[in-house]
Each structure stands twice: as structure tokens, then as C-alpha cells.
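This is model.pdb. It holds PDB, C-alpha atoms, pLDDT in the B column.
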```pdb
ATOM      1  CA  MET E   1      29.626  -8.326 -21.067  1.00 49.00           C
ATOM      2  CA  THR E   2      26.292  -7.889 -22.843  1.00 57.00           C
ATOM      3  CA  GLN E   3      23.642  -5.944 -20.989  1.00 70.00           C
ATOM      4  CA  GLY E   4      20.405  -7.950 -20.729  1.00 68.00           C
ATOM      5  CA  PRO E   5      16.899  -6.579 -20.530  1.00 72.00           C
ATOM      6  CA  ALA E   6      16.158  -4.254 -17.645  1.00 76.00           C
ATOM      7  CA  PRO E   7      13.746  -5.305 -14.915  1.00 82.00           C
ATOM      8  CA  ARG E   8      10.142  -4.315 -15.547  1.00 88.00           C
ATOM      9  CA  VAL E   9       8.217  -2.972 -12.553  1.00 89.00           C
ATOM     10  CA  LEU E  10       5.007  -4.922 -12.083  1.00 93.00           C
ATOM     11  CA  SER E  11       1.681  -3.134 -11.724  1.00 95.00           C
ATOM     12  CA  ASP E  12      -0.348  -3.498  -8.546  1.00 96.00           C
ATOM     13  CA  GLU E  13      -2.734  -5.773 -10.449  1.00 97.00           C
ATOM     14  CA  ALA E  14       0.110  -7.970 -11.755  1.00 95.00           C
ATOM     15  CA  LEU E  15       1.578  -8.205  -8.252  1.00 97.00           C
ATOM     16  CA  SER E  16      -1.792  -9.184  -6.811  1.00 97.00           C
ATOM     17  CA  ASP E  17      -2.195 -11.794  -9.562  1.00 96.00           C
ATOM     18  CA  LEU E  18       1.244 -13.220  -8.775  1.00 96.00           C
ATOM     19  CA  LEU E  19       0.343 -13.494  -5.075  1.00 97.00           C
ATOM     20  CA  ALA E  20      -2.934 -15.199  -5.999  1.00 96.00           C
ATOM     21  CA  ALA E  21      -1.207 -17.667  -8.332  1.00 95.00           C
ATOM     22  CA  GLN E  22       1.228 -18.954  -5.704  1.00 94.00           C
ATOM     23  CA  GLN E  23       0.695 -20.777  -2.420  1.00 94.00           C
ATOM     24  CA  PHE E  24       4.160 -20.562  -0.862  1.00 97.00           C
ATOM     25  CA  GLY E  25       6.433 -17.664  -0.057  1.00 98.00           C
ATOM     26  CA  THR E  26       9.136 -16.591   2.363  1.00 98.00           C
ATOM     27  CA  LEU E  27       7.902 -14.676   5.385  1.00 98.00           C
ATOM     28  CA  ALA E  28      10.375 -12.230   6.933  1.00 98.00           C
ATOM     29  CA  THR E  29       9.958 -11.151  10.544  1.00 98.00           C
ATOM     30  CA  THR E  30      12.370  -9.247  12.759  1.00 97.00           C
ATOM     31  CA  LYS E  31      14.284 -10.785  15.638  1.00 97.00           C
ATOM     32  CA  ARG E  32      14.890  -8.742  18.804  1.00 94.00           C
ATOM     33  CA  SER E  33      18.491  -8.318  17.594  1.00 96.00           C
ATOM     34  CA  GLY E  34      17.142  -6.575  14.477  1.00 95.00           C
ATOM     35  CA  HIS E  35      18.232  -9.401  12.199  1.00 97.00           C
ATOM     36  CA  PRO E  36      15.684 -10.936   9.834  1.00 97.00           C
ATOM     37  CA  HIS E  37      14.070 -14.295  10.485  1.00 98.00           C
ATOM     38  CA  LEU E  38      12.969 -16.057   7.286  1.00 98.00           C
ATOM     39  CA  THR E  39      10.631 -18.985   6.974  1.00 98.00           C
ATOM     40  CA  THR E  40       8.831 -20.641   4.081  1.00 98.00           C
ATOM     41  CA  MET E  41       5.085 -20.427   4.560  1.00 98.00           C
ATOM     42  CA  MET E  42       1.918 -21.524   2.831  1.00 96.00           C
ATOM     43  CA  TYR E  43      -0.419 -18.555   2.596  1.00 98.00           C
ATOM     44  CA  SER E  44      -3.813 -17.328   1.456  1.00 97.00           C
ATOM     45  CA  TRP E  45      -4.121 -13.959  -0.366  1.00 97.00           C
ATOM     46  CA  ASP E  46      -7.275 -11.858  -0.111  1.00 97.00           C
ATOM     47  CA  PRO E  47      -6.848  -9.168  -2.790  1.00 97.00           C
ATOM     48  CA  GLU E  48      -9.986  -7.202  -1.866  1.00 97.00           C
ATOM     49  CA  ALA E  49      -8.966  -6.825   1.779  1.00 97.00           C
ATOM     50  CA  ARG E  50      -5.225  -6.746   0.868  1.00 98.00           C
ATOM     51  CA  VAL E  51      -4.527  -9.313   3.583  1.00 98.00           C
ATOM     52  CA  VAL E  52      -2.203 -12.302   3.476  1.00 98.00           C
ATOM     53  CA  ARG E  53      -3.175 -15.023   5.950  1.00 98.00           C
ATOM     54  CA  PHE E  54      -0.936 -17.722   7.391  1.00 98.00           C
ATOM     55  CA  SER E  55      -1.744 -20.661   9.643  1.00 98.00           C
ATOM     56  CA  THR E  56       0.813 -21.463  12.315  1.00 98.00           C
ATOM     57  CA  THR E  57       0.999 -22.698  15.888  1.00 98.00           C
ATOM     58  CA  ALA E  58       1.061 -20.343  18.858  1.00 98.00           C
ATOM     59  CA  ASP E  59       4.508 -21.485  20.020  1.00 97.00           C
ATOM     60  CA  ARG E  60       6.412 -20.680  16.798  1.00 98.00           C
ATOM     61  CA  VAL E  61       9.224 -18.138  16.929  1.00 97.00           C
ATOM     62  CA  LYS E  62       7.626 -16.067  14.129  1.00 98.00           C
ATOM     63  CA  VAL E  63       4.607 -15.513  16.389  1.00 98.00           C
ATOM     64  CA  LYS E  64       6.881 -14.279  19.172  1.00 98.00           C
ATOM     65  CA  HIS E  65       8.637 -11.938  16.728  1.00 98.00           C
ATOM     66  CA  LEU E  66       5.374 -10.541  15.351  1.00 98.00           C
ATOM     67  CA  ARG E  67       3.978  -9.893  18.819  1.00 97.00           C
ATOM     68  CA  HIS E  68       7.110  -7.889  19.605  1.00 97.00           C
ATOM     69  CA  ASP E  69       7.392  -6.147  16.205  1.00 98.00           C
ATOM     70  CA  PRO E  70       4.453  -6.556  13.807  1.00 98.00           C
ATOM     71  CA  ARG E  71       6.353  -5.396  10.702  1.00 98.00           C
ATOM     72  CA  ALA E  72       6.714  -8.229   8.203  1.00 98.00           C
ATOM     73  CA  ALA E  73       7.179  -8.965   4.521  1.00 98.00           C
ATOM     74  CA  LEU E  74       6.296 -11.882   2.280  1.00 98.00           C
ATOM     75  CA  HIS E  75       8.520 -12.605  -0.744  1.00 98.00           C
ATOM     76  CA  VAL E  76       6.845 -14.683  -3.454  1.00 98.00           C
ATOM     77  CA  PRO E  77       8.747 -15.936  -6.504  1.00 96.00           C
ATOM     78  CA  GLY E  78       7.226 -15.601  -9.946  1.00 92.00           C
ATOM     79  CA  GLY E  79       7.320 -18.075 -12.799  1.00 82.00           C
ATOM     80  CA  ASP E  80      11.065 -17.607 -13.325  1.00 83.00           C
ATOM     81  CA  VAL E  81      14.064 -16.585 -11.231  1.00 82.00           C
ATOM     82  CA  TRP E  82      13.791 -12.986 -12.434  1.00 85.00           C
ATOM     83  CA  SER E  83      10.279 -12.187 -11.245  1.00 92.00           C
ATOM     84  CA  PHE E  84       8.923 -11.730  -7.750  1.00 96.00           C
ATOM     85  CA  ALA E  85       6.411  -9.903  -5.583  1.00 97.00           C
ATOM     86  CA  VAL E  86       6.869  -8.583  -2.063  1.00 98.00           C
ATOM     87  CA  ALA E  87       3.964  -7.775   0.244  1.00 98.00           C
ATOM     88  CA  GLU E  88       4.941  -5.567   3.180  1.00 98.00           C
ATOM     89  CA  GLY E  89       2.830  -4.543   6.090  1.00 98.00           C
ATOM     90  CA  GLU E  90       1.917  -4.985   9.710  1.00 98.00           C
ATOM     91  CA  ALA E  91       0.818  -8.355  10.997  1.00 98.00           C
ATOM     92  CA  GLU E  92      -1.575  -9.281  13.727  1.00 98.00           C
ATOM     93  CA  VAL E  93      -1.772 -12.651  15.404  1.00 98.00           C
ATOM     94  CA  SER E  94      -5.179 -14.061  16.290  1.00 98.00           C
ATOM     95  CA  GLU E  95      -6.037 -15.714  19.543  1.00 98.00           C
ATOM     96  CA  VAL E  96      -5.494 -19.471  19.654  1.00 98.00           C
ATOM     97  CA  THR E  97      -8.448 -21.497  18.402  1.00 98.00           C
ATOM     98  CA  THR E  98      -9.828 -23.075  21.587  1.00 98.00           C
ATOM     99  CA  ALA E  99     -13.111 -24.675  20.546  1.00 98.00           C
ATOM    100  CA  PRO E 100     -13.883 -26.530  17.317  1.00 97.00           C
ATOM    101  CA  GLY E 101     -15.831 -24.155  15.099  1.00 96.00           C
ATOM    102  CA  ASP E 102     -14.874 -20.921  16.877  1.00 98.00           C
ATOM    103  CA  ALA E 103     -14.143 -17.825  14.779  1.00 98.00           C
ATOM    104  CA  VAL E 104     -10.414 -18.572  14.452  1.00 98.00           C
ATOM    105  CA  GLY E 105     -11.101 -22.171  13.478  1.00 98.00           C
ATOM    106  CA  ARG E 106     -13.585 -21.069  10.816  1.00 97.00           C
ATOM    107  CA  GLU E 107     -11.036 -18.584   9.485  1.00 98.00           C
ATOM    108  CA  LEU E 108      -8.422 -21.356   9.308  1.00 98.00           C
ATOM    109  CA  LEU E 109     -10.850 -23.564   7.393  1.00 97.00           C
ATOM    110  CA  ALA E 110     -11.755 -20.732   5.003  1.00 96.00           C
ATOM    111  CA  MET E 111      -8.063 -20.248   4.145  1.00 96.00           C
ATOM    112  CA  ILE E 112      -7.933 -23.662   2.475  1.00 93.00           C
ATOM    113  CA  PRO E 113      -8.702 -23.592  -1.265  1.00 89.00           C
ATOM    114  CA  GLU E 114     -12.109 -25.117  -2.043  1.00 88.00           C
ATOM    115  CA  ALA E 115     -10.582 -28.061  -3.943  1.00 88.00           C
ATOM    116  CA  ALA E 116      -8.358 -28.950  -0.963  1.00 91.00           C
ATOM    117  CA  ARG E 117     -10.926 -28.600   1.840  1.00 93.00           C
ATOM    118  CA  PRO E 118     -10.963 -31.526   4.272  1.00 94.00           C
ATOM    119  CA  GLN E 119     -13.675 -34.134   3.821  1.00 94.00           C
ATOM    120  CA  ASP E 120     -14.389 -33.951   7.542  1.00 96.00           C
ATOM    121  CA  PRO E 121     -14.374 -30.279   8.599  1.00 95.00           C
ATOM    122  CA  GLU E 122     -15.252 -31.160  12.201  1.00 97.00           C
ATOM    123  CA  GLU E 123     -12.135 -33.336  12.520  1.00 97.00           C
ATOM    124  CA  PHE E 124     -10.053 -30.565  10.937  1.00 97.00           C
ATOM    125  CA  LEU E 125     -11.363 -28.031  13.466  1.00 98.00           C
ATOM    126  CA  LYS E 126     -10.599 -30.395  16.376  1.00 98.00           C
ATOM    127  CA  ASP E 127      -7.050 -30.843  15.042  1.00 98.00           C
ATOM    128  CA  GLN E 128      -6.557 -27.063  14.859  1.00 98.00           C
ATOM    129  CA  VAL E 129      -7.514 -26.747  18.535  1.00 98.00           C
ATOM    130  CA  ALA E 130      -5.173 -29.606  19.532  1.00 98.00           C
ATOM    131  CA  GLU E 131      -2.313 -27.989  17.575  1.00 98.00           C
ATOM    132  CA  ARG E 132      -2.973 -24.565  19.176  1.00 98.00           C
ATOM    133  CA  ARG E 133      -3.330 -22.906  15.772  1.00 98.00           C
ATOM    134  CA  VAL E 134      -3.484 -19.170  15.172  1.00 98.00           C
ATOM    135  CA  VAL E 135      -4.002 -17.015  12.100  1.00 98.00           C
ATOM    136  CA  VAL E 136      -1.385 -14.439  11.201  1.00 98.00           C
ATOM    137  CA  ARG E 137      -2.949 -11.620   9.164  1.00 98.00           C
ATOM    138  CA  LEU E 138      -0.475  -9.509   7.235  1.00 98.00           C
ATOM    139  CA  ARG E 139      -2.262  -6.276   6.311  1.00 98.00           C
ATOM    140  CA  VAL E 140      -0.449  -5.249   3.151  1.00 98.00           C
ATOM    141  CA  GLY E 141       0.491  -1.591   2.958  1.00 98.00           C
ATOM    142  CA  ARG E 142       2.942  -1.903   0.091  1.00 98.00           C
ATOM    143  CA  LEU E 143       3.288  -4.287  -2.854  1.00 98.00           C
ATOM    144  CA  TYR E 144       6.328  -4.222  -5.094  1.00 97.00           C
ATOM    145  CA  GLY E 145       8.187  -6.485  -7.469  1.00 97.00           C
ATOM    146  CA  THR E 146       9.689  -6.874 -10.899  1.00 94.00           C
ATOM    147  CA  ALA E 147       9.969  -9.178 -13.868  1.00 91.00           C
ATOM    148  CA  VAL E 148      12.617  -9.462 -16.547  1.00 84.00           C
ATOM    149  CA  ASP E 149      11.431 -10.328 -20.027  1.00 75.00           C
ATOM    150  CA  VAL E 150      14.019 -12.796 -21.277  1.00 68.00           C
ATOM    151  CA  THR E 151      13.679 -14.351 -24.712  1.00 65.00           C
ATOM    152  CA  GLY E 152      15.470 -17.297 -26.215  1.00 53.00           C
TER     153      GLY E 152
END
```

Translate this file's structure into C-alpha cells.
Amino acid sequence: MTQGPAPRVLSDEALSDLLAAQQFGTLATTKRSGHPHLTTMMYSWDPEARVVRFSTTADRVKVKHLRHDPRAALHVPGGDVWSFAVAEGEAEVSEVTTAPGDAVGRELLAMIPEAARPQDPEEFLKDQVAERRVVVRLRVGRLYGTAVDVTG
């Protein structure tokens, strides 16, 4: 069997760029049994603050897991099956947005890319309250990942 190219460790900057280039990843939380719970999530990456933000509803199992054990990781695939980034850290769950335009609601709105912002922000904020939305903030303590340079 022919040995292919070895994985190349990505720099912190390359990892941050990969996180910024994607919108979806797999969030891993820990069940009470110690087993992982994985879920595909849309996210927003803030490279300056090193925070990944997720919007979810207060009744989701991932919220329950994070309130019990805040350790979490986000796996994000790169442009091919050989590259990826992982953001590990401790997560905090915001309070539920309870009034249109409150701090949590404004944070939820700010997570949406400018080009995808709702035409009616007031309606969006009302919907977030009705859905009992929260923000999960994953404060990234460690970034790691690799790429394999395959030609041909």
C-alpha cells in the first residue's frame, strides 16, 4: 500500500479562517452517562473574542447537557474530507429572550450574516421570544485541526 501525504497541522489563523468560512458544524456535548451527544448546528464565529455562538431553544437536550457540564466542542469540516477544525471550550447558555429587542434578542439578530438579515427585525425578535430562544456561547480555549494536501 502506498503511503499518502501526511496530515498538515493548521495554524491558528488557518483554523480561524476555516471556522469563519463555514456556517455549519457538529456540536458535541456530554450526556450525564458520559457519552457524547452530537448535533449539527448553524453557528457564528467571532475570531476576536474567540467565541462561537449558536441559536437554539431553551428546551433542547444540548442546553440541558451544557447546564450540567459546560465542556463542548465544535467540529467543522474543511473543503475536502481530509481537512477539519475543532473548537473546544466551555459553553454558557444565555437567559431566554423574553421581550422583543432585549439583549438576548439583539444578540440573536447580530448572529445572522448581514446579507441574510430579516427584512422585518421586529417580527424576527417577536418570533425568537415565542420560540423561547437562547444563545449558547462557546468560549474557545483550544483550536486544532489538520489538512492533507492531495494532488491529482

Next item on the list: I need the residue set behind the PyMOL selection byres ((chain E and resi 11-19) around 7) for this file; please write it as a PyMOL selection string.
Entry: chain E and resi 9-10+20-22+45+47+76+78+85+143-145

Selection: 8 Å around Lys126 (chain E), all atoms listed in the file, excl. self and same-chain fewer than 4 positions, as a compact mmCIF listing (two decimals) with C-alpha atoms, in the coordinates of the input:
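This is the output file selection_17.txt:
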```txt
# COMPACT_ATOMS: atom_id res chain seq x y z
CA ALA E 99 -13.11 -24.68 20.55
CA PRO E 100 -13.88 -26.53 17.32
CA GLU E 122 -15.25 -31.16 12.20
CA ALA E 130 -5.17 -29.61 19.53
```

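Excluding Val51 (chain E) and any residue on its chain fewer than 6 positions from it, the residues at most 9 Å away by all atoms listed in the file are Ser44, Trp45, Arg137, Leu138, Arg139 and Val140 of chain E.
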
Notebook entry, point to check: Out of E:Glu88, E:Asp127, E:Asp80, E:Glu48, which residue has the shortest atom-to-atom distance to Leu108 (chain E) when counting all atoms listed in the file?
Noted result: E:Asp127

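Residue nearest Leu27 (chain E) within the list E:Pro7, E:Glu131, E:Val136, E:Asp120: E:Val136 [criterion: smallest interatomic distance, only C-alpha atoms].
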
Item checked: Explicit residues for the PyMOL selection byres ((chain E and resi 107) around 12) (as number ranges by chain) -> E: 44, 53-55, 94-97, 100-106, 108-112, 125, 128, 133-137

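Atom to atom, CA of Arg67 (chain E) and CA of Arg32 (chain E) stand 11.0 Å apart.
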
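Residues lying within 12 Å of (13.7, -12.5, 0.5). Counted over only C-alpha atoms, they are Gly25, Thr26, Leu27, Ala28, Thr29, Pro36, His37, Leu38, Thr39, Thr40, Ala72, Ala73, Leu74, His75, Val76, Pro77, Phe84, Ala85, Val86, Ala87, Glu88 and Gly145 of chain E.
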
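Between CA of Gly89 (chain E) and CA of Ala49 (chain E) lies a distance of 12.8 Å.
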
Checklist line | Target residues per the PyMOL selection byres ((chain E and resi 64) around 12), formatted as a PyMOL selection string | finding: chain E and resi 29-32+37+56-63+65-70+91-93+136

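Put simply, CA of Pro118 (chain E) is 18.3 Å away from CA of Arg132 (chain E).
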
Missing atoms in region 136-148 of chain E: fill them in up to N, CA, C and O atoms and send the result as a tab-separated table (two decimals), in the frame of the given file.
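part-v9.tsv written:
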```tsv
chain	number	residue	atom	x	y	z
E	136	VAL	N	-2.15	-15.67	11.33
E	136	VAL	CA	-1.38	-14.44	11.20
E	136	VAL	C	-1.98	-13.70	10.01
E	136	VAL	O	-2.09	-14.27	8.92
E	137	ARG	N	-2.38	-12.45	10.23
E	137	ARG	CA	-2.95	-11.62	9.16
E	137	ARG	C	-1.98	-10.49	8.86
E	137	ARG	O	-1.79	-9.59	9.68
E	138	LEU	N	-1.39	-10.56	7.68
E	138	LEU	CA	-0.48	-9.51	7.24
E	138	LEU	C	-1.28	-8.51	6.42
E	138	LEU	O	-1.73	-8.81	5.31
E	139	ARG	N	-1.51	-7.34	6.99
E	139	ARG	CA	-2.26	-6.28	6.31
E	139	ARG	C	-1.28	-5.52	5.42
E	139	ARG	O	-0.39	-4.83	5.90
E	140	VAL	N	-1.44	-5.72	4.12
E	140	VAL	CA	-0.45	-5.25	3.15
E	140	VAL	C	-0.60	-3.75	2.90
E	140	VAL	O	-1.64	-3.28	2.44
E	141	GLY	N	0.45	-3.02	3.20
E	141	GLY	CA	0.49	-1.59	2.96
E	141	GLY	C	1.26	-1.24	1.70
E	141	GLY	O	1.08	-0.18	1.12
E	142	ARG	N	2.12	-2.15	1.28
E	142	ARG	CA	2.94	-1.90	0.09
E	142	ARG	C	3.19	-3.21	-0.65
E	142	ARG	O	3.54	-4.22	-0.04
E	143	LEU	N	2.97	-3.17	-1.96
E	143	LEU	CA	3.29	-4.29	-2.85
E	143	LEU	C	4.33	-3.79	-3.84
E	143	LEU	O	4.18	-2.70	-4.40
E	144	TYR	N	5.36	-4.58	-4.06
E	144	TYR	CA	6.33	-4.22	-5.09
E	144	TYR	C	6.93	-5.50	-5.68
E	144	TYR	O	6.85	-6.57	-5.09
E	145	GLY	N	7.54	-5.36	-6.84
E	145	GLY	CA	8.19	-6.48	-7.47
E	145	GLY	C	8.51	-6.17	-8.91
E	145	GLY	O	8.10	-5.15	-9.45
E	146	THR	N	9.26	-7.07	-9.53
E	146	THR	CA	9.69	-6.87	-10.90
E	146	THR	C	9.64	-8.18	-11.67
E	146	THR	O	9.49	-9.26	-11.10
E	147	ALA	N	9.81	-8.04	-12.96
E	147	ALA	CA	9.97	-9.18	-13.87
E	147	ALA	C	10.99	-8.76	-14.91
E	147	ALA	O	11.16	-7.57	-15.20
E	148	VAL	N	11.69	-9.71	-15.45
E	148	VAL	CA	12.62	-9.46	-16.55
E	148	VAL	C	12.12	-10.30	-17.72
E	148	VAL	O	11.91	-11.51	-17.58
```
